[in-house]
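Data from work.txt: compact mmCIF, C-alpha atoms
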# COMPACT_ATOMS: atom_id res chain seq x y z
CA MET G 1 1.19 27.97 -73.35
CA GLY G 2 2.55 24.52 -73.49
CA GLU G 3 6.11 23.41 -73.03
CA LYS G 4 8.02 20.42 -74.31
CA LYS G 5 9.27 17.81 -71.92
CA GLY G 6 11.16 14.55 -72.38
CA LYS G 7 11.09 13.29 -75.95
CA GLY G 8 9.28 16.23 -77.51
CA LYS G 9 5.97 15.60 -75.77
CA LEU G 10 3.83 18.72 -75.35
CA ILE G 11 2.35 19.20 -71.89
CA PHE G 12 0.51 22.10 -70.22
CA LYS G 13 0.78 23.60 -66.80
CA GLY G 14 -1.56 21.90 -64.38
CA ASP G 15 -1.62 18.65 -66.34
CA LYS G 16 -0.74 15.58 -64.35
CA GLU G 17 2.13 13.57 -65.68
CA HIS G 18 1.07 10.01 -66.39
CA LYS G 19 3.53 7.36 -65.35
CA LYS G 20 4.16 4.52 -67.70
CA LYS G 21 2.92 1.18 -66.48
CA LYS G 22 5.57 -1.48 -66.22
CA ARG G 23 4.79 -4.76 -67.83
CA LYS G 24 4.78 -7.65 -65.45
CA ARG G 25 6.45 -10.83 -66.60
CA SER G 26 4.07 -13.72 -66.68
CA SER G 27 4.74 -16.23 -63.91
CA ALA G 28 2.90 -19.10 -65.56
CA ASN G 29 6.09 -20.55 -67.04
CA ASP G 30 8.49 -19.16 -64.45
CA PRO G 31 9.22 -21.73 -61.72
CA ASP G 32 11.32 -19.15 -59.80
CA HIS G 33 8.31 -16.89 -59.26
CA GLU G 34 6.47 -17.24 -55.98
CA GLY G 35 3.18 -17.58 -57.83
CA GLY G 36 4.59 -19.82 -60.55
CA SER G 37 2.94 -23.08 -61.42
CA ASP G 38 4.23 -26.30 -59.90
CA GLU G 39 2.63 -28.38 -62.63
CA GLY G 40 4.29 -29.95 -65.65
CA TRP G 41 7.83 -30.41 -66.91
CA VAL G 42 10.28 -27.63 -67.74
CA ARG G 43 13.71 -27.50 -69.35
CA ALA G 44 16.62 -28.14 -66.97
CA ASP G 45 19.23 -25.42 -67.39
CA GLU G 46 21.71 -25.94 -64.56
CA LEU G 47 23.19 -28.78 -62.51
CA ASP G 48 20.85 -28.24 -59.55
CA ASP G 49 17.91 -29.11 -61.82
CA LEU G 50 19.27 -32.65 -62.25
CA ALA G 51 18.37 -33.61 -58.68
CA GLY G 52 14.93 -35.20 -58.87
CA PRO G 53 12.68 -36.79 -61.51
CA LEU G 54 14.04 -36.30 -65.05
CA PHE G 55 12.95 -36.85 -68.64
CA ILE G 56 16.11 -37.30 -70.75
CA THR G 57 15.72 -36.69 -74.47
CA HIS G 58 17.82 -36.18 -77.60
CA PRO G 59 16.84 -34.04 -80.63
CA SER G 60 17.69 -36.76 -83.14
CA ASP G 61 15.51 -37.50 -86.17
CA PRO G 62 13.14 -38.71 -84.89
CA PRO G 63 13.64 -37.41 -81.34
CA ILE G 64 14.22 -40.10 -78.70
CA CYS G 65 14.01 -40.37 -74.92
CA PHE G 66 15.67 -42.70 -72.42
CA THR G 67 13.37 -45.58 -71.50
CA ALA G 68 14.06 -48.50 -69.17
CA ASP G 69 11.93 -51.51 -70.06
CA GLU G 70 10.71 -54.21 -67.69
CA ASP G 71 13.85 -56.27 -68.36
CA ASP G 72 16.13 -53.40 -67.27
CA ARG G 73 17.27 -52.62 -70.80
CA LEU G 74 17.98 -49.02 -71.77
CA LEU G 75 16.12 -48.08 -74.95
CA ALA G 76 16.29 -45.02 -77.19
CA TYR G 77 12.52 -44.75 -77.50
CA PRO G 78 11.16 -42.52 -80.32
CA ILE G 79 8.84 -39.70 -79.29
CA PRO G 80 6.55 -37.60 -81.52
CA GLU G 81 8.31 -34.38 -82.49
CA GLN G 82 5.24 -32.22 -81.87
CA SER G 83 4.31 -33.80 -78.52
CA GLU G 84 4.74 -32.18 -75.13
CA ALA G 85 8.22 -32.49 -73.61
CA GLU G 86 7.14 -34.85 -70.87
CA PRO G 87 7.10 -38.62 -70.25
CA VAL G 88 4.02 -40.63 -71.14
CA ILE G 89 4.92 -43.73 -69.08
CA VAL G 90 6.79 -44.12 -65.81
CA ASN G 91 9.55 -46.12 -67.56
CA GLN G 92 10.70 -42.86 -69.15
CA VAL G 93 11.35 -41.19 -65.80
CA PHE G 94 14.80 -41.28 -64.20
CA VAL G 95 15.69 -39.85 -60.81
CA GLY G 96 18.92 -37.89 -60.55
CA ALA G 97 20.85 -37.47 -57.30
CA ARG G 98 24.07 -35.60 -56.53
CA LEU G 99 26.64 -37.65 -54.67
CA ILE G 100 27.23 -36.33 -51.15
CA GLY G 101 30.43 -34.32 -50.89
CA THR G 102 30.62 -33.54 -54.60
CA SER G 103 29.47 -30.59 -56.68
CA ASN G 104 28.99 -32.16 -60.12
CA THR G 105 28.86 -35.95 -59.76
CA PHE G 106 25.43 -37.55 -60.18
CA THR G 107 23.73 -40.92 -60.36
CA PHE G 108 20.57 -41.65 -62.35
CA LYS G 109 18.09 -44.29 -61.26
CA SER G 110 15.35 -45.82 -63.41
CA SER G 111 11.75 -46.39 -62.36
CA ASN G 112 12.78 -50.01 -61.70
CA GLY G 113 15.23 -48.84 -59.04
CA LYS G 114 18.34 -49.65 -61.11
CA TYR G 115 21.21 -47.29 -61.88
CA LEU G 116 22.42 -46.04 -65.25
CA SER G 117 25.99 -47.32 -65.70
CA THR G 118 28.72 -47.85 -68.25
CA ASP G 119 31.76 -50.10 -68.58
CA LYS G 120 35.22 -49.27 -69.98
CA PHE G 121 34.07 -50.28 -73.47
CA GLY G 122 31.25 -47.72 -73.45
CA VAL G 123 28.43 -50.24 -73.08
CA VAL G 124 25.57 -48.52 -71.27
CA SER G 125 23.11 -50.44 -69.09
CA VAL G 126 20.49 -49.74 -66.47
CA ASP G 127 20.54 -52.88 -64.36
CA ARG G 128 22.89 -52.09 -61.45
CA GLU G 129 21.44 -52.14 -57.94
CA ALA G 130 24.36 -50.45 -56.15
CA ILE G 131 26.57 -47.41 -56.76
CA SER G 132 30.20 -47.68 -57.79
CA GLY G 133 32.40 -45.64 -60.10
CA LEU G 134 30.59 -47.16 -63.08
CA GLU G 135 27.32 -45.53 -62.02
CA GLU G 136 28.81 -42.04 -61.54
CA TRP G 137 28.31 -39.33 -64.17
CA ASN G 138 29.68 -35.80 -64.44
CA PRO G 139 27.18 -33.61 -66.33
CA THR G 140 28.22 -30.43 -68.09
CA HIS G 141 25.69 -27.79 -69.13
CA THR G 142 26.04 -26.05 -72.49
CA ASP G 143 23.82 -23.67 -74.44
CA ALA G 144 22.34 -26.66 -76.29
CA GLY G 145 21.75 -28.95 -73.29
CA PHE G 146 23.73 -31.39 -71.16
CA ALA G 147 26.70 -33.65 -71.84
CA PHE G 148 27.34 -36.61 -69.51
CA GLN G 149 30.90 -37.82 -68.89
CA ASN G 150 31.55 -41.22 -67.32
CA THR G 151 34.29 -42.30 -64.94
CA TYR G 152 36.58 -43.16 -67.88
CA GLY G 153 36.40 -39.64 -69.28
CA LYS G 154 34.15 -40.64 -72.20
CA PHE G 155 30.82 -39.05 -73.09
CA LEU G 156 27.34 -40.48 -73.39
CA MET G 157 26.03 -40.35 -76.96
CA VAL G 158 23.23 -41.41 -79.29
CA ASP G 159 24.39 -43.50 -82.26
CA GLU G 160 22.27 -44.30 -85.32
CA ILE G 161 22.30 -47.98 -86.23
CA ALA G 162 21.27 -49.96 -89.29
CA GLY G 163 17.54 -49.97 -89.92
CA GLY G 164 17.04 -46.40 -88.70
CA GLY G 165 17.13 -47.10 -84.97
CA PHE G 166 19.33 -45.56 -82.26
CA LYS G 167 21.63 -46.95 -79.60
CA ILE G 168 22.99 -45.26 -76.50
CA ARG G 169 26.74 -45.59 -75.94
CA ALA G 170 29.35 -43.92 -73.74
CA ASP G 171 32.63 -44.00 -75.67
CA SER G 172 32.79 -40.58 -77.34
CA GLU G 173 35.93 -38.47 -76.93
CA ASP G 174 34.33 -35.10 -77.67
CA VAL G 175 31.05 -33.27 -77.21
CA GLY G 176 28.97 -32.51 -80.28
CA PHE G 177 25.39 -32.88 -81.42
CA CYS G 178 25.21 -36.63 -80.70
CA GLU G 179 26.54 -36.09 -77.17
CA THR G 180 24.20 -33.24 -76.19
CA PHE G 181 20.92 -34.12 -74.48
CA ARG G 182 17.85 -32.10 -73.60
CA VAL G 183 16.78 -32.81 -70.06
CA TYR G 184 13.44 -31.88 -68.50
CA CYS G 185 12.61 -31.73 -64.80
CA GLN G 186 9.42 -31.18 -62.85
CA ALA G 187 8.60 -27.51 -62.32
CA ARG G 188 8.05 -27.91 -58.57
CA PHE G 189 11.51 -29.44 -58.07
CA LYS G 190 13.15 -26.72 -60.13
CA ARG G 191 11.45 -23.97 -58.13
CA LYS G 192 12.32 -25.68 -54.85
CA ALA G 193 15.98 -25.93 -55.87
CA ARG G 194 16.04 -22.22 -56.77
CA GLN G 195 14.49 -21.24 -53.45
CA GLU G 196 16.92 -23.40 -51.45
CA LYS G 197 19.85 -21.97 -53.39
CA LYS G 198 18.77 -18.40 -52.71
CA LYS G 199 18.22 -19.21 -49.03
CA ALA G 200 21.64 -20.85 -48.70
CA LYS G 201 23.29 -17.92 -50.44
CA LYS G 202 21.55 -15.44 -48.16
CA GLU G 203 22.37 -17.41 -45.00
CA GLY G 204 25.96 -17.86 -46.13
CA SER G 205 26.37 -14.14 -46.74
CA ILE G 206 24.85 -13.30 -43.35
CA ASN G 207 27.07 -15.84 -41.55
CA GLU G 208 30.19 -14.57 -43.27
CA LEU G 209 29.30 -10.95 -42.52
CA ASP G 210 28.59 -11.69 -38.85
CA ASN G 211 31.83 -13.62 -38.42
CA ILE G 212 33.91 -10.91 -40.06
CA LYS G 213 32.35 -8.20 -37.90
CA LYS G 214 32.89 -10.36 -34.83
CA PHE G 215 36.55 -11.19 -35.39
CA GLN G 216 37.85 -8.29 -37.51
CA SER G 217 38.08 -4.82 -36.01
CA TRP G 218 40.19 -3.27 -38.80
CA GLY G 219 38.92 -1.40 -41.82
CA GLY G 220 36.38 0.74 -40.00
CA GLY G 221 33.92 -2.12 -39.78
CA ARG G 222 33.85 -2.60 -43.55
CA VAL G 223 33.90 -6.11 -45.00
CA HIS G 224 36.90 -6.96 -47.16
CA MET G 225 36.49 -9.93 -49.50
CA SER G 226 38.55 -10.54 -52.62
CA ARG G 227 37.19 -12.21 -55.73
CA GLU G 228 39.21 -15.29 -54.85
CA ASP G 229 37.59 -15.44 -51.40
CA LYS G 230 34.12 -15.18 -52.93
CA ARG G 231 34.93 -17.90 -55.47
CA LYS G 232 36.22 -20.29 -52.79
CA LEU G 233 33.18 -19.70 -50.56
CA LYS G 234 30.85 -20.30 -53.51
CA GLU G 235 32.57 -23.62 -54.30
CA ALA G 236 32.50 -24.62 -50.63
CA ARG G 237 28.77 -23.88 -50.41
CA GLY G 238 28.11 -26.12 -53.41
CA GLU G 239 30.14 -28.93 -51.81
CA GLY G 240 28.41 -28.60 -48.44
CA ARG G 241 31.45 -27.40 -46.46
CA LEU G 242 30.70 -23.69 -46.09
CA ALA G 243 31.31 -23.54 -42.33
CA GLU G 244 34.74 -25.16 -42.70
CA ALA G 245 35.71 -22.79 -45.51
CA MET G 246 34.69 -19.74 -43.50
CA LEU G 247 36.78 -20.92 -40.54
CA ASP G 248 39.80 -21.44 -42.82
CA ARG G 249 39.31 -17.97 -44.25
CA ARG G 250 39.19 -16.33 -40.84
CA ALA G 251 42.32 -18.20 -39.79
CA GLN G 252 44.19 -16.74 -42.76
CA VAL G 253 43.28 -13.14 -41.93
CA LYS G 254 46.28 -11.61 -40.16
CA SER G 255 44.24 -9.44 -37.84
CA ASP G 256 42.17 -12.40 -36.61
CA ARG G 257 43.64 -13.09 -33.20
CA TYR G 258 40.74 -15.03 -31.70
CA CYS G 259 39.80 -17.88 -34.00
CA LYS G 260 42.91 -20.03 -33.37
What's the structure tokens form of this structure?
Amino acid sequence: MGEKKGKGKLIFKGDKEHKKKKRKRSSANDPDHEGGSDEGWVRADELDDLAGPLFITHPSDPPICFTADEDDRLLAYPIPEQSEAEPVIVNQVFVGARLIGTSNTFTFKSSNGKYLSTDKFGVVSVDREAISGLEEWNPTHTDAGFAFQNTYGKFLMVDEIAGGGFKIRADSEDVGFCETFRVYCQARFKRKARQEKKKAKKEGSINELDNIKKFQSWGGGRVHMSREDKRKLKEARGEGRLAEAMLDRRAQVKSDRYCK
């Protein structure tokens, strides 16, 4: 006789139960996967992806990409809508870099070695050789892409001009379609950033755990961390001052008699 098991399936005594095979996610387009491809350009979807070579585009009609010509002029160059999301000439590649000591302030350098900058009137150029406040940008990631805020609190935008062309300005007060850009980075840099982030997170957790066990004898050896503590340590890690933050945290723990 047979008996029902699970969702009404009829099985017999002595029959081996077959386990369902789990589908493996393809790693071809997954830069986080150990076996993922390092080739090509992929969509940037967090601030860490903006450190390295970038292809900055906007889904206007027609779509455009940032291009620095040989005279250090920033152009909104049209790209074919059905083409691959990758640069076709080196002039369309910009290199992003996070300013040391900050978590969300970046500079963007053209293939000519000049920085993307803006003045107080919103005029955008790419001809500066040194970094000042005018060359600093604060990107914000949204579901649609990235918005870039300058030092005056205004946003980078694409503006349609007479004749059907486009111009890049930085004088917008709010973020909308014109102020939202699609940014692509190289797959190998994205995967490297993910791996370094995971490593830093793991090392930070191990260091914090070791220090708590070393200096705190209360609580039966259990680690006590509030949400606020975790948030502060996460921010400190992003700003490169994790060790200092952990020392401050230990100093604030009442039972810590040894760290002062």
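Of note, CA of Arg43 in chain G and CA of Lys230 in chain G are spaced 28.9 Å apart.
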Tell me which of G:Thr118, G:Pro87, G:Ile168, G:Gly240 sits closest to Leu99 in chain G, counting only C-alpha atoms.
G:Gly240
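When CA of Asp119 in chain G is paired with CA of Leu134 in chain G, their separation reads 6.3 Å.
Take CA of Leu50 in chain G and CA of Arg227 in chain G: the distance between them is 28.0 Å.
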For Leu242 in chain G, which of G:Gly101, G:Gly163, G:Ala68, G:Phe177 is the closest residue, counting only C-alpha atoms?
G:Gly101
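Distances from G:Phe108, G:Phe155, G:Phe66, G:Phe94 to Val123 in chain G were compared using only C-alpha atoms, and the smallest one belongs to G:Phe155.
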Quick one: of G:Asp72, G:Glu179, G:Glu244, G:Glu239, who's nearest to Thr142 in chain G, counting only C-alpha atoms?
G:Glu179
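Checking G:Lys109, G:Lys232, G:Arg237, G:Arg182 one by one against Ile56 in chain G, counting all atoms listed in the file, you find the shortest gap at G:Arg182.
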Counting only C-alpha atoms, which residue out of G:Ile79, G:Cys178, G:Cys185, G:Ile131 sits closest to Asp48 in chain G?
G:Cys185
Provide an axis-aligned box for all listed atoms of range 127-133 of chain G, padding each side by 6 Å; report its centre and its edge lengths in Å to one decimal, as lines of an AutoDock Vina configuration file.
center_x = 26.5
center_y = -49.3
center_z = -60.3
size_x = 23.9
size_y = 19.2
size_z = 20.2
Can you list, as a ChimeraX atom specification, every protein, DNA or RNA residue that comes within 10 Å of Ile89 in chain G when you count all atoms listed in the file, leaving out same-chain residues fewer than 3 positions away?
/G:67,86,92-93,111
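Taking all atoms listed in the file, the non-local environment of Gly40 in chain G within 10 Å (same-chain residues fewer than 5 positions away omitted) comprises Asn29, Glu84, Ala85, Glu86, Tyr184, Cys185, Gln186, Ala187 and Arg188 of chain G.
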